[in-house]
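For reference, coords.cif (mmCIF, C-alpha atoms and all ligand atoms):
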data_entry
#
loop_
_atom_site.group_PDB
_atom_site.id
_atom_site.type_symbol
_atom_site.label_atom_id
_atom_site.label_comp_id
_atom_site.auth_asym_id
_atom_site.auth_seq_id
_atom_site.Cartn_x
_atom_site.Cartn_y
_atom_site.Cartn_z
ATOM 1 C CA MET A 1 76.908 -16.142 -5.428
ATOM 2 C CA ASN A 2 78.777 -19.368 -6.224
ATOM 3 C CA LEU A 3 76.875 -22.616 -6.314
ATOM 4 C CA ILE A 4 76.917 -26.223 -7.463
ATOM 5 C CA LEU A 5 73.920 -27.970 -9.039
ATOM 6 C CA LEU A 6 74.269 -31.667 -8.329
ATOM 7 C CA GLY A 7 72.328 -34.561 -9.814
ATOM 8 C CA PRO A 8 72.495 -37.481 -12.248
ATOM 9 C CA PRO A 9 72.324 -37.036 -16.034
ATOM 10 C CA GLY A 10 68.894 -35.702 -16.979
ATOM 11 C CA ALA A 11 68.148 -34.291 -13.512
ATOM 12 C CA GLY A 12 67.666 -30.819 -15.016
ATOM 13 C CA LYS A 13 70.982 -29.154 -14.063
ATOM 14 C CA GLY A 14 71.538 -27.480 -17.430
ATOM 15 C CA THR A 15 67.898 -26.423 -17.771
ATOM 16 C CA GLN A 16 67.867 -24.804 -14.333
ATOM 17 C CA ALA A 17 71.387 -23.339 -14.569
ATOM 18 C CA LYS A 18 70.342 -21.399 -17.699
ATOM 19 C CA ARG A 19 67.308 -20.004 -15.882
ATOM 20 C CA LEU A 20 69.304 -19.000 -12.776
ATOM 21 C CA GLU A 21 72.028 -17.491 -14.949
ATOM 22 C CA GLU A 22 69.548 -14.911 -16.239
ATOM 23 C CA LYS A 23 67.764 -14.267 -12.967
ATOM 24 C CA PHE A 24 70.896 -13.806 -10.798
ATOM 25 C CA SER A 25 73.352 -12.564 -13.490
ATOM 26 C CA ILE A 26 75.806 -15.362 -12.759
ATOM 27 C CA ALA A 27 77.603 -17.636 -15.239
ATOM 28 C CA GLN A 28 76.695 -21.267 -15.980
ATOM 29 C CA LEU A 29 79.879 -23.344 -16.036
ATOM 30 C CA SER A 30 79.091 -26.715 -17.611
ATOM 31 C CA THR A 31 82.136 -28.975 -17.924
ATOM 32 C CA GLY A 32 80.133 -31.144 -20.365
ATOM 33 C CA ASP A 33 79.598 -28.109 -22.667
ATOM 34 C CA MET A 34 83.266 -27.133 -22.352
ATOM 35 C CA LEU A 35 84.404 -30.651 -23.213
ATOM 36 C CA ARG A 36 82.008 -30.847 -26.191
ATOM 37 C CA ALA A 37 83.469 -27.532 -27.450
ATOM 38 C CA GLU A 38 86.970 -29.050 -27.166
ATOM 39 C CA VAL A 39 85.820 -32.140 -29.093
ATOM 40 C CA SER A 40 84.311 -29.953 -31.870
ATOM 41 C CA SER A 41 87.475 -27.859 -32.119
ATOM 42 C CA GLY A 42 89.565 -31.008 -32.628
ATOM 43 C CA SER A 43 92.035 -29.999 -29.881
ATOM 44 C CA GLU A 44 94.332 -32.547 -28.227
ATOM 45 C CA LEU A 45 92.223 -32.243 -25.065
ATOM 46 C CA GLY A 46 89.086 -32.906 -27.116
ATOM 47 C CA LYS A 47 90.641 -35.973 -28.705
ATOM 48 C CA GLU A 48 91.540 -37.339 -25.279
ATOM 49 C CA ALA A 49 88.017 -36.727 -23.953
ATOM 50 C CA LYS A 50 85.924 -37.925 -26.901
ATOM 51 C CA GLN A 51 86.248 -41.691 -26.518
ATOM 52 C CA LEU A 52 85.459 -41.589 -22.810
ATOM 53 C CA MET A 53 82.486 -39.256 -23.313
ATOM 54 C CA ASP A 54 81.048 -41.419 -26.100
ATOM 55 C CA ALA A 55 81.343 -44.435 -23.792
ATOM 56 C CA GLY A 56 79.606 -42.573 -20.921
ATOM 57 C CA GLN A 57 82.678 -42.640 -18.695
ATOM 58 C CA LEU A 58 84.207 -39.742 -16.807
ATOM 59 C CA VAL A 59 87.251 -38.000 -18.268
ATOM 60 C CA PRO A 60 90.379 -37.711 -16.055
ATOM 61 C CA ASP A 61 90.086 -35.345 -13.070
ATOM 62 C CA SER A 62 93.155 -33.334 -14.079
ATOM 63 C CA LEU A 63 91.567 -32.460 -17.403
ATOM 64 C CA VAL A 64 88.342 -30.940 -16.022
ATOM 65 C CA ILE A 65 90.046 -29.329 -13.024
ATOM 66 C CA GLY A 66 92.322 -27.459 -15.449
ATOM 67 C CA ILE A 67 89.496 -26.139 -17.635
ATOM 68 C CA ILE A 68 87.329 -25.047 -14.683
ATOM 69 C CA SER A 69 90.201 -23.288 -12.947
ATOM 70 C CA SER A 70 90.937 -21.001 -15.890
ATOM 71 C CA ARG A 71 87.216 -20.463 -16.691
ATOM 72 C CA ILE A 72 86.453 -19.156 -13.179
ATOM 73 C CA ASP A 73 88.889 -16.284 -13.800
ATOM 74 C CA ASP A 74 86.797 -14.931 -16.695
ATOM 75 C CA GLU A 75 85.035 -11.581 -16.399
ATOM 76 C CA ASP A 76 81.510 -13.066 -16.582
ATOM 77 C CA CYS A 77 82.193 -15.040 -13.354
ATOM 78 C CA LYS A 78 82.910 -11.908 -11.302
ATOM 79 C CA ASN A 79 79.332 -11.844 -10.011
ATOM 80 C CA GLY A 80 79.328 -15.586 -9.339
ATOM 81 C CA PHE A 81 78.885 -18.922 -11.094
ATOM 82 C CA ILE A 82 76.789 -22.075 -11.202
ATOM 83 C CA LEU A 83 78.813 -25.265 -11.556
ATOM 84 C CA ASP A 84 76.846 -27.730 -13.712
ATOM 85 C CA GLY A 85 78.408 -31.198 -13.976
ATOM 86 C CA PHE A 86 81.431 -30.368 -11.790
ATOM 87 C CA PRO A 87 82.660 -31.621 -9.355
ATOM 88 C CA ARG A 88 81.897 -35.257 -10.217
ATOM 89 C CA THR A 89 84.433 -37.065 -8.003
ATOM 90 C CA GLU A 90 85.840 -36.613 -4.504
ATOM 91 C CA ALA A 91 89.190 -35.577 -5.998
ATOM 92 C CA GLN A 92 87.426 -32.872 -8.048
ATOM 93 C CA ALA A 93 85.552 -31.630 -4.957
ATOM 94 C CA GLU A 94 88.803 -31.343 -3.002
ATOM 95 C CA ALA A 95 90.572 -29.650 -5.930
ATOM 96 C CA LEU A 96 87.676 -27.181 -6.189
ATOM 97 C CA ASP A 97 88.070 -26.221 -2.530
ATOM 98 C CA GLU A 98 91.788 -25.601 -2.999
ATOM 99 C CA MET A 99 91.197 -23.675 -6.213
ATOM 100 C CA LEU A 100 88.560 -21.424 -4.640
ATOM 101 C CA ALA A 101 90.693 -20.802 -1.541
ATOM 102 C CA SER A 102 93.631 -19.790 -3.741
ATOM 103 C CA LYS A 103 91.377 -17.278 -5.525
ATOM 104 C CA SER A 104 89.843 -16.031 -2.220
ATOM 105 C CA LEU A 105 86.433 -17.334 -3.287
ATOM 106 C CA LYS A 106 83.976 -19.633 -1.525
ATOM 107 C CA LEU A 107 80.956 -21.801 -2.248
ATOM 108 C CA ASP A 108 77.608 -20.480 -1.022
ATOM 109 C CA SER A 109 75.445 -23.513 -1.705
ATOM 110 C CA VAL A 110 75.343 -27.030 -3.189
ATOM 111 C CA ILE A 111 71.869 -28.018 -4.360
ATOM 112 C CA GLN A 112 70.879 -31.550 -5.212
ATOM 113 C CA LEU A 113 68.138 -32.083 -7.804
ATOM 114 C CA ALA A 114 66.400 -35.188 -6.456
ATOM 115 C CA VAL A 115 64.835 -37.314 -9.227
ATOM 116 C CA ASP A 116 63.357 -40.768 -9.766
ATOM 117 C CA GLU A 117 65.836 -42.968 -11.571
ATOM 118 C CA GLU A 118 63.152 -44.383 -13.947
ATOM 119 C CA ALA A 119 62.432 -40.916 -15.347
ATOM 120 C CA LEU A 120 66.023 -40.194 -16.313
ATOM 121 C CA VAL A 121 66.425 -42.408 -19.373
ATOM 122 C CA GLY A 122 63.322 -40.815 -20.937
ATOM 123 C CA ARG A 123 64.527 -37.323 -20.089
ATOM 124 C CA VAL A 124 67.957 -37.870 -21.612
ATOM 125 C CA THR A 125 66.894 -39.753 -24.753
ATOM 126 C CA GLY A 126 64.227 -37.079 -25.505
ATOM 127 C CA ARG A 127 66.656 -34.169 -25.066
ATOM 128 C CA TYR A 128 67.695 -31.898 -27.959
ATOM 129 C CA THR A 129 69.037 -28.374 -28.345
ATOM 130 C CA CYS A 130 68.940 -25.547 -30.845
ATOM 131 C CA ALA A 131 72.022 -25.891 -33.080
ATOM 132 C CA GLU A 132 72.286 -22.084 -33.269
ATOM 133 C CA CYS A 133 71.833 -20.793 -29.692
ATOM 134 C CA GLY A 134 71.930 -23.979 -27.566
ATOM 135 C CA ASN A 135 68.455 -23.505 -26.075
ATOM 136 C CA GLY A 136 67.330 -26.821 -24.547
ATOM 137 C CA TYR A 137 64.193 -28.789 -25.471
ATOM 138 C CA HIS A 138 62.574 -32.164 -24.891
ATOM 139 C CA ASP A 139 60.402 -34.255 -27.260
ATOM 140 C CA GLU A 140 57.672 -34.457 -24.643
ATOM 141 C CA PHE A 141 58.352 -32.141 -21.695
ATOM 142 C CA GLN A 142 59.711 -28.964 -23.277
ATOM 143 C CA LYS A 143 58.557 -28.480 -26.857
ATOM 144 C CA PRO A 144 59.150 -25.250 -28.801
ATOM 145 C CA GLU A 145 56.056 -23.004 -28.966
ATOM 146 C CA VAL A 146 56.028 -23.371 -32.769
ATOM 147 C CA GLU A 147 56.991 -26.886 -33.833
ATOM 148 C CA GLY A 148 60.453 -27.016 -35.417
ATOM 149 C CA VAL A 149 61.335 -23.379 -34.585
ATOM 150 C CA CYS A 150 63.578 -22.334 -31.676
ATOM 151 C CA ASP A 151 61.682 -20.083 -29.208
ATOM 152 C CA ASN A 152 64.830 -18.135 -28.451
ATOM 153 C CA CYS A 153 66.434 -17.401 -31.833
ATOM 154 C CA GLY A 154 64.024 -18.664 -34.530
ATOM 155 C CA SER A 155 66.497 -21.220 -35.929
ATOM 156 C CA LYS A 156 65.083 -24.382 -37.491
ATOM 157 C CA GLU A 157 68.234 -26.437 -36.887
ATOM 158 C CA PHE A 158 68.395 -28.702 -33.845
ATOM 159 C CA LYS A 159 70.878 -31.295 -32.615
ATOM 160 C CA ARG A 160 71.076 -34.271 -30.285
ATOM 161 C CA ARG A 161 74.078 -35.448 -28.274
ATOM 162 C CA ALA A 162 75.849 -38.641 -29.408
ATOM 163 C CA ASP A 163 75.921 -39.882 -25.792
ATOM 164 C CA ASP A 164 72.175 -39.376 -25.189
ATOM 165 C CA ASN A 165 71.255 -42.984 -26.029
ATOM 166 C CA GLU A 166 69.868 -45.579 -23.635
ATOM 167 C CA ASP A 167 73.043 -47.699 -23.302
ATOM 168 C CA THR A 168 75.311 -44.761 -22.597
ATOM 169 C CA VAL A 169 72.832 -43.225 -20.160
ATOM 170 C CA ARG A 170 72.949 -46.400 -18.083
ATOM 171 C CA THR A 171 76.769 -46.251 -17.963
ATOM 172 C CA ARG A 172 76.565 -42.541 -17.017
ATOM 173 C CA LEU A 173 74.077 -43.326 -14.235
ATOM 174 C CA LYS A 174 76.448 -45.963 -12.882
ATOM 175 C CA ALA A 175 79.297 -43.425 -12.948
ATOM 176 C CA TYR A 176 77.054 -41.014 -11.041
ATOM 177 C CA HIS A 177 76.293 -43.574 -8.315
ATOM 178 C CA ASP A 178 79.848 -44.901 -8.036
ATOM 179 C CA GLN A 179 81.844 -41.689 -8.343
ATOM 180 C CA THR A 180 79.635 -38.607 -7.906
ATOM 181 C CA ALA A 181 77.014 -39.457 -5.246
ATOM 182 C CA PRO A 182 79.805 -40.047 -2.655
ATOM 183 C CA ILE A 183 80.550 -36.284 -2.695
ATOM 184 C CA ILE A 184 77.126 -35.540 -1.141
ATOM 185 C CA PRO A 185 78.327 -36.349 2.430
ATOM 186 C CA TYR A 186 81.405 -34.184 1.781
ATOM 187 C CA TYR A 187 79.184 -31.126 1.299
ATOM 188 C CA GLU A 188 76.698 -32.197 3.995
ATOM 189 C CA ALA A 189 79.572 -32.158 6.486
ATOM 190 C CA LYS A 190 80.309 -28.559 5.448
ATOM 191 C CA GLY A 191 76.643 -27.580 5.991
ATOM 192 C CA LEU A 192 76.288 -26.522 2.353
ATOM 193 C CA MET A 193 73.821 -29.117 1.007
ATOM 194 C CA GLY A 194 70.310 -28.179 -0.071
ATOM 195 C CA ARG A 195 67.795 -30.303 -1.954
ATOM 196 C CA VAL A 196 64.920 -29.639 -4.325
ATOM 197 C CA ASP A 197 62.310 -31.920 -5.891
ATOM 198 C CA GLY A 198 63.621 -32.342 -9.444
ATOM 199 C CA MET A 199 60.500 -34.288 -10.465
ATOM 200 C CA ALA A 200 58.342 -31.162 -10.308
ATOM 201 C CA ASP A 201 57.590 -29.116 -13.448
ATOM 202 C CA ILE A 202 60.522 -27.112 -14.809
ATOM 203 C CA GLU A 203 58.955 -23.840 -13.614
ATOM 204 C CA ASP A 204 58.304 -25.254 -10.118
ATOM 205 C CA VAL A 205 61.901 -26.456 -9.787
ATOM 206 C CA THR A 206 63.104 -22.950 -10.667
ATOM 207 C CA LYS A 207 60.850 -21.496 -7.961
ATOM 208 C CA GLN A 208 62.214 -23.945 -5.357
ATOM 209 C CA LEU A 209 65.786 -23.008 -6.312
ATOM 210 C CA GLU A 210 65.080 -19.279 -6.232
ATOM 211 C CA LYS A 211 63.602 -19.613 -2.762
ATOM 212 C CA ILE A 212 66.776 -21.285 -1.463
ATOM 213 C CA LEU A 213 69.090 -18.821 -3.186
ATOM 214 C CA GLU A 214 67.182 -15.717 -2.140
ATOM 215 C CA ALA A 215 67.446 -16.895 1.478
ATOM 216 C CA ALA A 216 71.197 -17.697 1.154
HETATM 217 P P1 LIG A 301 71.130 -32.370 -17.030
HETATM 218 O O1 LIG A 301 71.815 -31.062 -17.398
HETATM 219 O O2 LIG A 301 70.999 -32.538 -15.551
HETATM 220 O O3 LIG A 301 71.761 -33.568 -17.688
HETATM 221 P P2 LIG A 301 68.929 -31.260 -18.609
HETATM 222 O O4 LIG A 301 68.698 -29.954 -17.928
HETATM 223 O O5 LIG A 301 69.620 -31.216 -19.934
HETATM 224 O O6 LIG A 301 69.658 -32.305 -17.596
HETATM 225 O O7 LIG A 301 67.515 -31.984 -18.755
HETATM 226 C C1 LIG A 301 67.380 -33.210 -19.483
HETATM 227 C C2 LIG A 301 66.113 -33.171 -20.327
HETATM 228 O O8 LIG A 301 64.983 -33.211 -19.455
HETATM 229 C C3 LIG A 301 65.983 -31.914 -21.182
HETATM 230 O O9 LIG A 301 65.482 -32.277 -22.457
HETATM 231 C C4 LIG A 301 64.985 -31.036 -20.421
HETATM 232 O O10 LIG A 301 64.171 -30.303 -21.315
HETATM 233 C C5 LIG A 301 64.157 -32.056 -19.639
HETATM 234 N N1 LIG A 301 63.819 -31.567 -18.290
HETATM 235 C C6 LIG A 301 64.609 -30.844 -17.451
HETATM 236 N N2 LIG A 301 63.959 -30.610 -16.277
HETATM 237 C C7 LIG A 301 62.741 -31.223 -16.379
HETATM 238 C C8 LIG A 301 61.605 -31.327 -15.511
HETATM 239 N N3 LIG A 301 61.603 -30.773 -14.288
HETATM 240 N N4 LIG A 301 60.533 -32.036 -15.952
HETATM 241 C C9 LIG A 301 60.537 -32.605 -17.197
HETATM 242 N N5 LIG A 301 61.567 -32.526 -18.055
HETATM 243 C C10 LIG A 301 62.663 -31.844 -17.671
HETATM 244 P P1 LIG A 302 77.323 -33.750 -19.139
HETATM 245 O O1 LIG A 302 77.180 -32.760 -20.265
HETATM 246 O O2 LIG A 302 77.474 -33.104 -17.800
HETATM 247 O O3 LIG A 302 76.236 -34.803 -19.177
HETATM 248 O O4 LIG A 302 78.703 -34.513 -19.394
HETATM 249 C C1 LIG A 302 78.918 -35.269 -20.574
HETATM 250 C C2 LIG A 302 80.186 -36.106 -20.426
HETATM 251 O O5 LIG A 302 81.332 -35.248 -20.278
HETATM 252 C C3 LIG A 302 80.243 -37.037 -19.205
HETATM 253 O O6 LIG A 302 79.573 -38.275 -19.425
HETATM 254 C C4 LIG A 302 81.757 -37.200 -19.026
HETATM 255 O O7 LIG A 302 82.296 -38.080 -19.986
HETATM 256 C C5 LIG A 302 82.274 -35.800 -19.359
HETATM 257 N N1 LIG A 302 82.324 -34.913 -18.173
HETATM 258 C C6 LIG A 302 81.611 -33.760 -17.971
HETATM 259 N N2 LIG A 302 81.929 -33.201 -16.795
HETATM 260 C C7 LIG A 302 82.858 -34.021 -16.212
HETATM 261 C C8 LIG A 302 83.555 -34.000 -14.975
HETATM 262 N N3 LIG A 302 83.365 -33.021 -14.070
HETATM 263 N N4 LIG A 302 84.411 -35.023 -14.707
HETATM 264 C C9 LIG A 302 84.630 -36.007 -15.592
HETATM 265 N N5 LIG A 302 83.977 -36.108 -16.776
HETATM 266 C C10 LIG A 302 83.102 -35.112 -17.098
#
So, in terms of structure tokens, how does the structure I just supplied come out?
Amino acid sequence: MNLILLGPPGAGKGTQAKRLEEKFSIAQLSTGDMLRAEVSSGSELGKEAKQLMDAGQLVPDSLVIGIISSRIDDEDCKNGFILDGFPRTEAQAEALDEMLASKSLKLDSVIQLAVDEEALVGRVTGRYTCAECGNGYHDEFQKPEVEGVCDNCGSKEFKRRADDNEDTVRTRLKAYHDQTAPIIPYYEAKGLMGRVDGMADIEDVTKQLEKILEAA
């Protein structure tokens, strides 16, 4: 099963992709995570991406199309994948179609996480992850069971993203409206679009997604 989770920053794409990854044994492909790994490694690609990411702007299409194309060939994608944060422009959506056709693959579903804009700044600025295993948390909505200790691996080290501040979130939301939301009609025309209520509790959103995917 190959699907896209679509929604603005803070909609819950990463949170839900991790849950679906386990349930359906498919790989989460987050271009944001891949780019952050490139930045940490100090690669040329990372250097090119860093300034734009810190400013909340999209990196060039060619850069993300290249990393996704080689990642889809990996063994853990054989059973399927969840695209999280890609495609983000019409050019990326078209390139994805060509890429999948050339690999004899197809998309099964594109699911939009519908959220209230006012909730997003709070979701993004309260987000943090375990520095060891990457498990996601939120100051208010998703606290570890034991304060200061990761539920998944027991680590006491956590980190926050440099771009998860209020100013940058507003720029990222504008990029979503200007460049990403226009791909919704592209997938509607293909009959692939589904929609879930992203304002529900995390567990409820997972249930809505599972219902759609089990019927697909
Ligand atoms: P995205 O990947 O779409 O940018 P995340 O999955 O990282 O968003 O979610 C952003 C923050 O909001 C995280 O800290 C997460 O714990 C929290 N979150 C995700 N889904 C919900 C939800 N349904 N209700 C409340 N908080 C949520
Ligand atoms: P995310 O982790 O999805 O919130 O992405 C963080 C940042 O990485 C974005 O604000 C962009 O700068 C960059 N990025 C991630 N995915 C893409 C993409 N598909 N196209 C362009 N830029 C991207």
Test item: residues no farther than 10 Å from ligand LIG 302 (chain A), counting only C-alpha atoms and all ligand atoms, as a PyMOL selection string
chain A and resi 7-11+13-14+30-36+49-65+67-68+83-89+91-93+124+161-164+168-169+171-173+175-176+179-180
Put a box with edges along x, y and z around all the listed atoms of ligand LIG 301 (chain A), pad it by 8 Å on each side, then give me its centre and sizes in Å, one decimal, as AutoDock Vina command-line options.
--center_x 66.2 --center_y -31.8 --center_z -18.4 --size_x 27.3 --size_y 19.6 --size_z 24.2
Which residues sit within 6 Å of ligand LIG 301 (chain A), counting all atoms listed in the file, listed as an MDAnalysis selection string?
chainID A and resid 9:15 123:124 126:128 136:138 141:142 198:202
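We find CA of Asp139 in chain A and CA of Ala181 in chain A to be spaced 28.1 Å apart.
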Kindly resolve the PyMOL selection byres (((chain A and resi 208) around 12) and not hetatm) on the present coordinates and return the residues as a PyMOL selection string.
chain A and resi 16+20+111-113+194-207+209-215
Write out as a PyMOL selection string which residues come within 8 Å of range 145-155 of chain A when counting all atoms listed in the file, dropping same-chain ones fewer than 4 positions away.
chain A and resi 130-133+135
Go through A:Glu38, A:Glu48, A:Asp73, A:Asp108 one by one, measure the shortest atom-to-atom distance of each to Asn2 in chain A using all atoms listed in the file, and give the residue with the smallest value.
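Looking only at the distances to Asn2 in chain A, the closest residue turns out to be A:Asp108.
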Measure the distance from CA of Leu96 in chain A to CA of Gly80 in chain A in Å and round it to one decimal.
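Computing it gives 14.6 Å between the two atoms.
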Minimum-distance residue to Cys77 in chain A, chosen among A:Ala216, A:Ala189, A:Leu29, A:Ala17 (using all atoms listed in the file):
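Residue with the minimum atom-to-atom distance to Cys77 in chain A: A:Leu29.
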Hey, can you check how far CA of Leu192 in chain A sits from CA of Ala95 in chain A?
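For CA of Leu192 in chain A relative to CA of Ala95 in chain A, the distance reads 16.8 Å.
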